[in-house]
Structures are given as C-alpha cells and as structure tokens.
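Below: run30.cif (mmCIF, C-alpha atoms)
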```
data_protein
#
loop_
_atom_site.label_atom_id
_atom_site.label_comp_id
_atom_site.auth_asym_id
_atom_site.auth_seq_id
_atom_site.Cartn_x
_atom_site.Cartn_y
_atom_site.Cartn_z
CA MET A 1 174.20 67.94 -35.14
CA MET A 2 173.47 70.39 -32.34
CA ALA A 3 172.33 73.81 -33.48
CA PRO A 4 174.84 76.58 -32.69
CA LYS A 5 173.95 79.75 -30.86
CA VAL A 6 172.71 82.31 -33.35
CA SER A 7 173.14 86.07 -32.97
CA PHE A 8 170.57 87.99 -35.02
CA ILE A 9 171.96 91.40 -36.00
CA VAL A 10 169.24 93.82 -37.09
CA PRO A 11 170.18 97.39 -38.11
CA LEU A 12 167.21 99.78 -37.81
CA PHE A 13 166.57 103.09 -39.46
CA ASN A 14 162.99 104.38 -39.15
CA HIS A 15 159.93 102.37 -40.32
CA VAL A 16 158.98 101.37 -36.79
CA ALA A 17 155.75 99.68 -37.91
CA GLN A 18 157.63 97.26 -40.17
CA THR A 19 160.26 96.70 -37.48
CA LYS A 20 157.59 95.60 -35.01
CA VAL A 21 156.20 93.09 -37.52
CA MET A 22 159.71 91.85 -38.28
CA LEU A 23 160.55 91.28 -34.61
CA THR A 24 157.27 89.55 -33.82
CA SER A 25 157.56 87.23 -36.83
CA LEU A 26 161.24 86.54 -36.11
CA GLN A 27 160.58 85.50 -32.54
CA ALA A 28 157.61 83.37 -33.56
CA SER A 29 159.56 81.61 -36.33
CA LEU A 30 162.53 80.40 -34.28
CA PRO A 31 162.74 76.69 -33.47
CA PRO A 32 162.05 75.80 -29.82
CA GLY A 33 165.11 75.66 -27.64
CA LEU A 34 167.35 77.55 -30.06
CA ALA A 35 170.17 79.31 -28.25
CA HIS A 36 170.00 82.81 -29.59
CA GLU A 37 170.13 86.55 -29.06
CA ILE A 38 168.63 89.42 -31.03
CA ILE A 39 170.66 92.61 -31.24
CA LEU A 40 168.75 95.64 -32.53
CA VAL A 41 171.01 98.49 -33.66
CA ASP A 42 169.15 101.73 -34.12
CA ASP A 43 170.96 104.00 -36.55
CA ALA A 44 169.61 107.34 -35.28
CA SER A 45 165.97 106.81 -36.22
CA THR A 46 163.64 109.80 -35.98
CA ASP A 47 160.20 108.21 -36.29
CA GLY A 48 159.51 106.82 -32.83
CA THR A 49 161.69 103.74 -33.16
CA ARG A 50 163.78 104.72 -30.16
CA GLU A 51 160.79 105.31 -27.94
CA TRP A 52 159.47 101.86 -28.87
CA LEU A 53 162.87 100.24 -28.20
CA HIS A 54 162.77 101.58 -24.62
CA THR A 55 159.59 99.58 -24.01
CA LEU A 56 161.14 96.23 -24.86
CA GLY A 57 161.98 93.85 -22.09
CA ASN A 58 163.26 90.46 -23.17
CA PRO A 59 166.36 88.57 -22.00
CA HIS A 60 167.11 87.60 -25.61
CA LEU A 61 167.07 91.23 -26.79
CA GLN A 62 169.87 93.76 -26.76
CA VAL A 63 169.57 97.32 -28.03
CA VAL A 64 172.29 99.58 -29.41
CA LEU A 65 171.53 103.26 -29.93
CA ASN A 66 173.87 104.99 -32.37
CA ALA A 67 174.24 108.70 -31.66
CA VAL A 68 174.40 109.46 -35.39
CA ASN A 69 173.52 107.58 -38.55
CA MET A 70 176.55 105.39 -39.23
CA GLY A 71 175.32 103.50 -42.28
CA PHE A 72 174.72 99.82 -42.94
CA ALA A 73 178.25 98.48 -42.43
CA ARG A 74 179.02 100.30 -39.19
CA ALA A 75 175.59 99.63 -37.75
CA ASN A 76 176.10 95.90 -38.32
CA HIS A 77 179.57 96.08 -36.82
CA ALA A 78 178.14 97.71 -33.68
CA GLY A 79 175.84 94.74 -33.30
CA VAL A 80 178.48 92.14 -34.11
CA ALA A 81 180.73 93.64 -31.42
CA LEU A 82 178.19 92.53 -28.80
CA ALA A 83 177.36 89.17 -30.38
CA THR A 84 178.24 85.97 -28.53
CA GLY A 85 176.82 83.45 -31.02
CA GLU A 86 178.83 81.10 -33.22
CA VAL A 87 176.61 82.06 -36.17
CA LEU A 88 175.64 85.58 -37.21
CA ALA A 89 172.24 86.05 -38.84
CA LEU A 90 172.35 89.40 -40.63
CA VAL A 91 168.77 90.50 -41.28
CA ASN A 92 166.99 93.68 -42.32
CA ASN A 93 164.16 95.25 -40.38
CA ASP A 94 161.88 95.06 -43.44
CA LEU A 95 161.50 91.27 -43.44
CA ILE A 96 158.61 89.02 -42.44
CA PHE A 97 159.61 85.54 -41.26
CA SER A 98 157.77 82.22 -41.37
CA PRO A 99 158.57 79.03 -39.42
CA GLY A 100 161.27 76.88 -40.99
CA TRP A 101 163.27 79.60 -42.69
CA LEU A 102 166.23 79.38 -40.31
CA GLU A 103 166.55 75.59 -40.19
CA HIS A 104 167.11 75.30 -43.95
CA MET A 105 169.87 77.91 -43.88
CA LEU A 106 171.58 76.38 -40.85
CA ALA A 107 171.53 72.97 -42.51
CA VAL A 108 173.52 74.30 -45.46
CA LEU A 109 175.90 76.30 -43.30
CA GLN A 110 176.66 73.25 -41.14
CA ASN A 111 176.93 70.77 -44.01
CA PRO A 112 180.65 69.89 -44.21
CA GLN A 113 180.30 68.82 -47.84
CA CYS A 114 179.22 72.31 -48.87
CA GLY A 115 182.07 74.32 -47.42
CA ALA A 116 179.67 77.23 -47.13
CA GLY A 117 180.94 80.57 -45.90
CA VAL A 118 177.77 82.59 -46.50
CA VAL A 119 174.22 81.29 -46.94
CA GLY A 120 171.36 83.31 -48.39
CA ASN A 121 167.72 82.52 -48.97
CA VAL A 122 164.72 83.09 -51.21
CA GLN A 123 162.99 86.43 -50.75
CA THR A 124 159.59 87.40 -52.09
CA ARG A 125 158.12 90.88 -52.25
CA VAL A 126 155.59 91.75 -49.56
CA ALA A 127 153.70 93.96 -52.01
CA ASP A 128 152.82 91.31 -54.61
CA GLY A 129 154.47 88.03 -53.63
CA ALA A 130 156.80 88.11 -56.62
CA LEU A 131 160.18 86.43 -56.34
CA ASP A 132 162.77 89.14 -55.70
CA HIS A 133 165.91 87.24 -54.73
CA ALA A 134 167.22 83.76 -55.41
CA GLY A 135 170.86 84.84 -55.36
CA VAL A 136 172.93 87.55 -57.01
CA GLN A 137 174.58 87.03 -60.37
CA VAL A 138 176.56 88.97 -62.96
CA ALA A 139 174.33 89.47 -65.99
CA ALA A 140 175.58 89.41 -69.57
CA SER A 141 175.25 93.22 -69.51
CA GLY A 142 177.97 93.30 -66.84
CA LYS A 143 175.53 94.47 -64.16
CA LEU A 144 174.88 92.77 -60.84
CA VAL A 145 171.28 91.58 -60.71
CA HIS A 146 169.06 89.54 -58.43
CA MET A 147 168.24 86.11 -59.77
CA ARG A 148 164.47 85.92 -60.04
CA GLU A 149 164.03 82.30 -61.09
CA LEU A 150 164.36 79.17 -59.01
CA PRO A 151 166.37 76.23 -60.34
CA ALA A 152 164.41 73.51 -62.12
CA GLY A 153 163.56 70.42 -60.13
CA HIS A 154 163.94 69.86 -56.43
CA VAL A 155 167.19 71.61 -55.55
CA GLU A 156 167.77 72.19 -51.86
CA HIS A 157 170.88 74.34 -52.20
CA ALA A 158 173.39 75.55 -54.76
CA ARG A 159 176.43 77.77 -55.07
CA VAL A 160 175.87 81.28 -56.38
CA PHE A 161 178.07 84.27 -57.13
CA ALA A 162 176.75 86.23 -54.13
CA VAL A 163 173.67 86.80 -51.96
CA THR A 164 172.07 89.92 -50.55
CA GLY A 165 172.87 91.00 -47.02
CA ALA A 166 169.18 91.56 -46.33
CA CYS A 167 169.05 88.03 -44.91
CA CYS A 168 172.06 85.77 -44.67
CA LEU A 169 173.98 83.54 -42.28
CA ILE A 170 177.72 83.53 -41.72
CA ARG A 171 179.84 81.95 -39.00
CA ARG A 172 181.30 84.49 -36.62
CA ASP A 173 184.87 83.28 -37.14
CA VAL A 174 184.47 83.57 -40.92
CA PHE A 175 183.04 87.08 -40.60
CA ASP A 176 185.97 88.15 -38.42
CA ALA A 177 188.58 86.49 -40.62
CA ALA A 178 187.17 88.29 -43.68
CA GLY A 179 187.31 91.62 -41.85
CA GLY A 180 183.54 92.01 -41.72
CA PHE A 181 181.95 94.61 -43.96
CA ASP A 182 184.16 97.13 -45.72
CA GLU A 183 183.11 100.47 -44.24
CA ALA A 184 184.27 102.29 -47.37
CA PHE A 185 180.92 101.30 -48.88
CA VAL A 186 177.92 103.43 -47.92
CA ASN A 187 174.63 101.54 -47.91
CA GLY A 188 175.35 99.46 -50.97
CA GLY A 189 177.88 96.87 -52.11
CA GLU A 190 178.93 95.78 -48.61
CA ASP A 191 177.17 92.44 -48.90
CA ILE A 192 178.64 91.52 -52.30
CA ASP A 193 182.08 92.55 -51.12
CA LEU A 194 181.72 90.34 -48.05
CA CYS A 195 180.72 87.38 -50.21
CA LEU A 196 183.75 87.87 -52.43
CA LYS A 197 186.08 88.19 -49.44
CA VAL A 198 184.72 84.93 -48.06
CA LYS A 199 185.15 83.21 -51.43
CA ALA A 200 188.72 84.50 -51.61
CA ARG A 201 189.37 82.51 -48.43
CA GLY A 202 188.36 79.27 -50.14
CA LEU A 203 184.76 79.05 -48.92
CA HIS A 204 181.58 79.21 -50.98
CA VAL A 205 178.40 81.26 -51.12
CA TYR A 206 175.20 79.24 -51.14
CA MET A 207 171.49 79.65 -51.60
CA ALA A 208 169.19 77.62 -49.32
CA TYR A 209 166.09 77.31 -51.51
CA GLY A 210 163.93 75.83 -48.77
CA SER A 211 164.22 79.04 -46.77
CA VAL A 212 161.73 81.72 -47.83
CA VAL A 213 161.10 85.12 -46.24
CA GLN A 214 159.05 88.13 -47.30
CA HIS A 215 160.86 91.40 -47.97
CA HIS A 216 159.63 94.97 -48.34
CA VAL A 217 162.74 95.51 -50.56
CA SER A 218 165.00 98.48 -49.77
CA LEU A 219 162.48 100.00 -47.39
CA SER A 220 165.01 101.12 -44.80
CA ARG A 221 167.83 102.48 -46.92
CA GLU A 222 167.06 103.77 -50.39
CA LYS A 223 169.92 103.80 -52.84
CA ALA A 224 170.88 107.31 -53.92
CA GLY A 225 171.97 107.44 -57.54
CA HIS A 226 175.33 109.13 -57.06
CA GLN A 227 176.30 107.07 -54.02
CA HIS A 228 175.20 103.90 -55.77
CA GLU A 229 177.66 104.63 -58.58
CA ILE A 230 180.44 105.31 -56.06
CA ASN A 231 179.74 102.00 -54.37
CA SER A 232 179.59 100.17 -57.69
CA ARG A 233 182.92 101.54 -58.86
CA LEU A 234 184.57 100.64 -55.57
CA LEU A 235 183.21 97.11 -55.79
CA PHE A 236 184.18 96.53 -59.43
CA THR A 237 187.61 98.09 -58.98
CA LYS A 238 188.35 96.05 -55.88
CA TRP A 239 187.27 92.79 -57.53
CA ARG A 240 187.89 93.47 -61.24
CA LYS A 241 189.67 90.17 -61.85
CA GLU A 242 186.83 88.21 -60.26
CA PHE A 243 184.13 90.14 -62.10
CA LYS A 244 185.89 89.69 -65.43
CA ALA A 245 186.24 85.94 -64.84
CA GLU A 246 182.58 85.60 -63.88
CA LEU A 247 181.38 87.75 -66.77
CA ALA A 248 183.46 85.67 -69.20
CA ILE A 249 181.76 82.51 -67.87
CA VAL A 250 178.35 84.12 -68.38
CA TRP A 251 179.21 85.12 -71.94
CA LEU A 252 180.65 81.72 -72.79
CA ARG A 253 177.39 80.14 -71.64
CA HIS A 254 175.44 82.59 -73.83
CA LEU A 255 177.59 81.80 -76.84
CA GLN A 256 177.51 78.04 -76.40
CA GLN A 257 173.73 78.00 -75.95
CA GLY A 258 173.08 80.38 -78.83
CA MET A 259 171.28 82.84 -76.58
CA GLN A 260 170.52 86.40 -77.65
CA ALA A 261 173.47 88.55 -76.62
CA PRO A 262 172.96 92.13 -75.38
CA ILE A 263 175.11 93.82 -78.02
CA ASP A 264 174.35 96.20 -80.85
CA GLY A 265 174.50 94.21 -84.06
CA GLN A 266 176.01 90.72 -84.17
CA PHE A 267 179.32 88.96 -83.72
CA THR A 268 181.29 88.09 -86.84
CA ALA A 269 181.47 84.46 -87.93
CA ALA A 270 185.25 84.47 -87.53
CA ILE A 271 185.19 85.47 -83.86
CA LEU A 272 182.32 83.09 -83.07
CA ALA A 273 184.67 80.26 -84.03
CA THR A 274 186.69 81.00 -80.86
CA PRO A 275 184.00 81.45 -78.17
CA HIS A 276 186.40 81.24 -75.20
CA VAL A 277 188.46 84.12 -76.60
CA LEU A 278 185.36 86.11 -77.50
CA ALA A 279 183.90 85.69 -74.01
CA ARG A 280 187.03 87.11 -72.37
CA VAL A 281 187.31 89.98 -74.86
CA VAL A 282 183.68 91.01 -74.42
CA ALA A 283 183.94 90.76 -70.63
CA ASP A 284 186.90 93.13 -70.56
CA SER A 285 185.25 95.51 -73.03
CA MET A 286 182.13 95.75 -70.86
CA LEU A 287 184.20 96.46 -67.77
CA GLN A 288 185.96 99.21 -69.73
CA GLN A 289 182.57 100.68 -70.60
CA GLU A 290 181.68 100.86 -66.91
CA GLU A 291 185.07 102.28 -65.92
CA CYS A 292 184.84 105.03 -68.53
CA TYR A 293 181.28 105.81 -67.44
CA TRP A 294 182.39 106.22 -63.83
CA ALA A 295 185.31 108.41 -64.89
CA ARG A 296 182.91 110.71 -66.73
CA THR A 297 180.15 110.82 -64.14
CA LEU A 298 182.14 110.71 -60.89
CA ASP A 299 185.46 112.31 -61.83
CA ARG A 300 184.23 114.57 -64.64
CA LYS A 301 187.07 113.14 -66.70
CA ASP A 302 186.85 112.06 -70.33
CA VAL A 303 189.34 109.24 -70.87
CA ASN A 304 188.99 109.56 -74.65
CA ILE A 305 189.39 113.33 -74.85
CA ASN A 306 190.50 114.62 -78.27
CA VAL A 307 190.14 111.16 -79.77
CA ALA A 308 190.60 112.57 -83.29
CA ALA A 309 194.30 113.10 -82.55
CA HIS A 310 194.68 109.34 -82.28
CA CYS A 311 192.83 108.46 -85.51
CA GLN A 312 193.99 107.63 -89.01
CA MET A 313 191.88 106.82 -92.04
CA GLN A 314 192.43 104.62 -95.05
CA GLY A 315 190.14 104.24 -98.04
CA LEU A 316 188.75 107.75 -98.67
CA ARG A 317 189.48 109.87 -101.73
CA TYR A 318 189.03 113.58 -102.14
CA SER A 319 186.55 114.57 -104.86
CA ALA A 320 186.69 118.14 -106.12
CA ALA A 321 183.40 117.58 -107.93
CA HIS A 322 181.66 116.79 -104.67
CA GLY A 323 183.75 119.12 -102.51
CA GLY A 324 184.60 116.42 -100.00
CA TYR A 325 185.78 112.90 -99.30
CA VAL A 326 184.18 109.90 -100.97
CA LEU A 327 184.04 106.33 -99.77
CA ASP A 328 183.80 104.11 -102.86
CA SER A 329 183.91 100.65 -101.29
CA THR A 330 185.75 100.09 -98.00
CA ALA A 331 187.45 102.42 -95.53
CA GLU A 332 189.08 101.80 -92.18
CA LEU A 333 189.33 104.13 -89.22
CA GLN A 334 192.34 103.21 -87.08
CA VAL A 335 192.43 104.46 -83.50
CA THR A 336 195.63 104.05 -81.54
CA ARG A 337 194.14 104.97 -78.17
CA VAL A 338 190.52 104.49 -77.16
CA ARG A 339 188.79 102.82 -74.20
CA GLY A 340 185.15 102.04 -73.65
CA ALA A 341 183.84 104.02 -76.63
CA ARG A 342 180.15 104.77 -76.34
CA ASN A 343 179.60 104.62 -80.10
CA PHE A 344 181.03 104.67 -83.62
CA TYR A 345 179.09 106.36 -86.44
CA VAL A 346 179.71 107.30 -90.05
CA CYS A 347 177.76 110.30 -91.36
CA GLY A 348 177.24 111.75 -94.84
CA GLN A 349 175.04 111.24 -97.88
CA ALA A 350 174.62 108.85 -100.77
CA LEU A 351 175.82 109.91 -104.23
CA GLY A 352 173.37 107.87 -106.28
CA GLU A 353 170.93 109.44 -108.70
CA PRO A 354 167.25 109.70 -107.75
CA GLY A 355 165.58 106.35 -108.26
CA SER A 356 168.81 104.40 -107.80
CA PRO A 357 168.88 101.47 -105.33
CA GLY A 358 169.51 102.16 -101.68
CA VAL A 359 172.96 101.97 -100.16
CA ALA A 360 173.95 98.94 -98.09
CA ILE A 361 176.37 99.87 -95.32
CA THR A 362 178.25 97.41 -93.12
CA LEU A 363 180.20 98.43 -90.02
CA VAL A 364 182.70 96.11 -88.35
CA ALA A 365 184.44 96.86 -85.04
CA ASN A 366 187.77 95.09 -84.58
CA GLY A 367 186.66 92.09 -86.62
CA ILE A 368 184.36 91.23 -83.69
CA GLN A 369 181.12 93.16 -83.95
CA VAL A 370 179.20 93.74 -87.19
CA LYS A 371 176.10 95.74 -88.02
CA ALA A 372 174.44 96.20 -91.43
CA PHE A 373 172.09 98.88 -92.74
CA VAL A 374 170.22 99.58 -95.96
CA LEU A 375 169.44 103.26 -96.51
CA ALA A 376 167.30 104.89 -99.20
CA PRO A 377 169.31 106.87 -101.80
CA ASP A 378 167.96 110.20 -100.55
CA GLU A 379 168.22 109.35 -96.86
CA PRO A 380 170.99 111.08 -94.83
CA ILE A 381 173.60 108.59 -93.67
CA ASN A 382 173.87 108.27 -89.92
CA ALA A 383 174.85 104.64 -89.35
CA GLY A 384 176.60 103.38 -86.27
CA ILE A 385 177.29 100.84 -83.56
CA ILE A 386 176.46 101.55 -79.93
CA ALA A 387 179.13 100.43 -77.44
CA PRO A 388 181.51 98.83 -79.95
CA VAL A 389 183.85 96.20 -78.53
CA CYS A 390 187.17 97.98 -77.89
CA LEU A 391 190.55 96.32 -77.35
CA PRO A 392 192.97 97.75 -74.78
CA GLY A 393 196.57 98.50 -75.66
CA VAL A 394 196.29 97.93 -79.42
CA THR A 395 195.12 99.81 -82.50
CA ASN A 396 191.34 99.57 -82.77
CA ARG A 397 190.00 99.20 -86.29
CA PHE A 398 186.56 100.28 -87.44
CA VAL A 399 185.74 99.22 -91.02
CA VAL A 400 183.00 100.76 -93.15
CA SER A 401 181.90 99.00 -96.35
CA VAL A 402 179.34 100.37 -98.82
CA SER A 403 177.55 98.96 -101.87
CA ALA A 404 177.66 102.34 -103.65
CA PRO A 405 179.78 105.50 -103.19
CA ILE A 406 178.90 107.85 -100.35
CA LEU A 407 180.12 111.33 -99.44
CA VAL A 408 181.48 111.18 -95.89
CA SER A 409 181.05 114.34 -93.84
CA HIS A 410 182.37 113.11 -90.50
CA PHE A 411 182.52 110.28 -88.00
CA PHE A 412 181.36 110.03 -84.41
CA LEU A 413 183.58 108.16 -81.98
CA ASP A 414 182.70 108.07 -78.29
CA ASP A 415 180.27 110.96 -78.79
CA GLN A 416 183.00 113.13 -80.33
CA VAL A 417 182.85 114.52 -83.87
CA VAL A 418 185.83 113.43 -85.94
CA THR A 419 185.91 115.41 -89.18
CA VAL A 420 187.51 113.89 -92.25
CA GLU A 421 189.86 116.88 -92.51
CA GLU A 422 191.29 116.05 -89.08
CA LEU A 423 192.26 112.54 -90.06
CA ARG A 424 195.78 111.69 -91.11
CA GLN A 425 195.89 109.15 -93.88
CA PRO A 426 198.99 106.92 -93.54
CA ALA A 427 201.37 106.83 -96.45
#
```

Please go through the file and, once you have read it, give me the structure as structure tokens.
Amino acid sequence: MMAPKVSFIVPLFNHVAQTKVMLTSLQASLPPGLAHEIILVDDASTDGTREWLHTLGNPHLQVVLNAVNMGFARANHAGVALATGEVLALVNNDLIFSPGWLEHMLAVLQNPQCGAGVVGNVQTRVADGALDHAGVQVAASGKLVHMRELPAGHVEHARVFAVTGACCLIRRDVFDAAGGFDEAFVNGGEDIDLCLKVKARGLHVYMAYGSVVQHHVSLSREKAGHQHEINSRLLFTKWRKEFKAELAIVWLRHLQQGMQAPIDGQFTAAILATPHVLARVVADSMLQQEECYWARTLDRKDVNINVAAHCQMQGLRYSAAHGGYVLDSTAELQVTRVRGARNFYVCGQALGEPGSPGVAITLVANGIQVKAFVLAPDEPINAGIIAPVCLPGVTNRFVVSVSAPILVSHFFLDDQVVTVEELRQPA
C-alpha cells in the first residue's frame, strides 16, 4: 500500500533549543521518498524561536506566526488550515524521533481491519528513559492516567480508551468530520476530547507499540491547576455517559479479579454478589465526587449545603444521666438529599468503665461500603468513612453499630457538623 502524504503539524511555544532537536530528528527519521510537509506554528514565542524560524529554508517547511498566544487547539488549527496531506501527524516540539517510528503508526492507521481513527505511540521520558505513555486510560479512582506498562507478549497494536495529542496520527477527513479540536479547552483535554469524538463516529483509537519516541513531557505548556480543573470538568461533563461506562468496566475488572479497590473500607458481602451492579453504582458515585469537587472549587458552590435539614436519625435514646444521646446497639442516619459526600463520621465517647473492653464500631454506607474500628474504652470516638458511596435520587442510609453503648455528640457528613439535637427522629 502506497504511503499517503503526511502533514506534520507542530505548535511551538518557546524552548527553541528543544525545537531544533525535534526538527532535526524528525527530518532524519522520515522514510526516504515520503510525501510530506512540516508546518511549524509559533504561538507567540518570546525566546528567540521566531528569529530562528526566519533562518529556515526548506521546501518541505511552512511557518505560521501567531500574533498572540492562541493555545494548543487554535495553534494546531492554524497549521491544519494549511495542510495538504491525507494524514495529519500532530506532534509536540518537545519530542525526539528515531527511525521507524512513523512506519509503525501508518501501518495501523492504514490497516482496514483495525478501523483506526486515531493512532498513538509509546513515549519515554528524555530525562530518565522511563515509560511515560502507552495510551490513556480511566483508572479505578476515576482519574485519567497515562498507561505506563506495555502489554505482555509481542503485541503490535491494540485499542485503548485514548492517546495523548503529543504524538498521534489521524486522517485529515476524520479530523475535519470530528470538528477538529474543541477550542473551549485551554491547553488540556483537547486530545482526549478528539479521541472520544472520533470514537463516537464509529472508529477506534489505537496504540502502535512498535513506534517509540522520546518526550520531554509537558515542556512547552505547563498545566495550571485552576485551568486544569476547568478543562477536566468540561471533558467529564461533555462525555459523562462514556466515562461512566468506561469506569464501570474498569471496576468490574477489579471486582472479578479480586484486585485491591481504591475505597475506604471494604464492600459488603451482599453487594459483592452482584458485581455488575456494584461497578455501575461505584462509577456513578465517583463521578458525583468529582462533580461536587468542581462545584466547590470552581463555582464556590456547596451542593450539600445545610445537609442536616435533610437528615433523620433512628436508634438513639436520650439519657438524662449522661446529658445526651446514647447509641446502645445500632442507629441509622437517613439522608434524603446528598451527593458526592466527602465523608461520614460518628463522634462521641464510650460509656464503659475503666478497664472494660474496647468498643467495636462498624459503619455501613448504603449497604455497599463497610468499615470497622476497635477503640479503647477511654479513647474519643471519631470513626468514619472517607468518600462513602452515595446514591442519587434516593434516601441514603448510614448505619452505625457498636458492641457497647456510646454517647454520641455529633456526626460529620460532607465536612458539615450534624448535631444530634438537629436530627428529626421519625415517628
């Protein structure tokens, strides 16, 4: 199969020394006779990059000089607008190329059995040679992470959830049909969004494991914390259904393989009997956690404000002798409206005499998540679950069981104090 013409789109922003190495290695790595063009888009560099660009004279090179810094998506679009190749190679200016990297990626992109829309490759860190990217996946924590392990055996290519835009191939017609990069993202999330848009059109995202490049890793555009969160929320909101489905698959795999799950405590035996249900419930709960975090940090809005007004308690009795409410065996806090709670704690003190056995306390969130404690008789009670699994649209139930009576002073729910006096006990 004849190789298509390839347009290399390289956005630049400062780091002229690394850009020179990138361009030299790129040109040296290309197969002889490849029809190609290299389009360098300078995004208002201030370090001498522009002066260097004026010295270049090569019929395969085109230069675009942005008057102002336009960001990753728009800089790429400026280059794509001039591209004449059938295939776009989107590459960063902080890469170092070796011969053979392109051929492996093109082979996957052109393989009709793959149905590939986007193809990524293996990237190692320039600093220490460590593997930095073998695809992008959704971790059990709900976060997007780089895969840093290669598949076992000799695997030439495989489908992945997404790949980084630091080095990837995409056909020009596919890029255009997907609408290119979403310019609402600012230097983060554009590449994952593009992968998901391509997948929504029935194509697949692949890794070409035979293609390896070196990467300085985020040299050109550092992620600012606040903007990173804005980008992340936009991405997860836009593709919530897809992220939930992928996260549920990840959790189901964890459950079926008996892997350690990143939760506080354990899952109850009853819910483990239905792993498919549990995987979906946990996936949605983790997305709620992220959504509530973004509401607090980006909107300054607490979605669970005044949570005590939505709580009821069963199982406590008032004791005049102790001047408060006592939990003898089991109590249940019922919450009619709560999303993405950061925590659930019960606080108080044991009522046993000095020298008596410690108090065993068990907390259960919605019959799903359980955590057990054993506290000394004179130790203040401050027992809780971090990030309890919450259920949307129903009454959430938090059960506290004790081996000996305790005096309850208050609860914590989503970092809010809920005093016993505030609770309404149902008739």

### Task
Choose the residue, out of A:Ala75, A:Val326, A:Ala3, A:Leu351, that has the smallest atom-to-atom separation from Asp378 of chain A; count all atoms listed in the file.
A:Leu351

### Output of the PyMOL selection byres ((chain A and resi 119) around 12), listed as a ChimeraX atom specification
/A:87-90,101-111,114-118,120-122,134-136,157-171,191,194-195,198-199,203-211

### Message
With all atoms listed in the file as the counted atoms, please give the residues lying no more than 8 Å from Ser98 of chain A, apart from itself and same-chain residues fewer than 3 positions off, as a PyMOL selection string.
### Response
chain A and resi 25-26+28-29+101+212-213

### Task
Can you pull out every residue within 12 Å of Trp239 of chain A, counting only C-alpha atoms, but drop anything in the same chain fewer than 3 positions away, and send it as number ranges by chain?
A: 189, 192-197, 199-200, 232-236, 242-246, 287

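Residues within 7 Å of Ser329 of chain A, counting all atoms listed in the file and excluding same-chain residues fewer than 6 positions away, are Ser401, Val402, Ser403, Ala404 and Pro405 of chain A.
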
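This file, filtered with the PyMOL selection byres ((chain A and resi 178-180) around 8), gives the residues A:His77, A:Val174, A:Phe175, A:Asp176, A:Ala177, A:Phe181, A:Asp182, A:Leu194, A:Lys197, A:Val198, A:Arg201.
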
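For the pair atom CA of Asp284 of chain A and atom CA of Lys241 of chain A, the interatomic distance is 9.6 Å.
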
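Across the chains present, the PyMOL selection byres ((chain A and resi 367-373) around 8) applied to this file returns Asp264, Gly265, Gln266, Phe267, Thr268, Ala270, Ile271, Ala360, Ile361, Thr362, Leu363, Val364, Ala365, Asn366, Val374, Leu375, Ala383, Gly384, Ile385, Pro388, Val389 and Arg397 of chain A.
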
#### Entry: Radius query 9 Å about (182.6, 82.7, -31.8), atoms used: all atoms listed in the file, as a PyMOL selection string
chain A and resi 83-87+171-173

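Straight-line separation from atom CA of Val145 of chain A to atom CA of Gly225 of chain A: 16.2 Å.
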
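Here atom CA of Gln214 of chain A is placed at a distance of 5.5 Å from atom CA of Gln123 of chain A.
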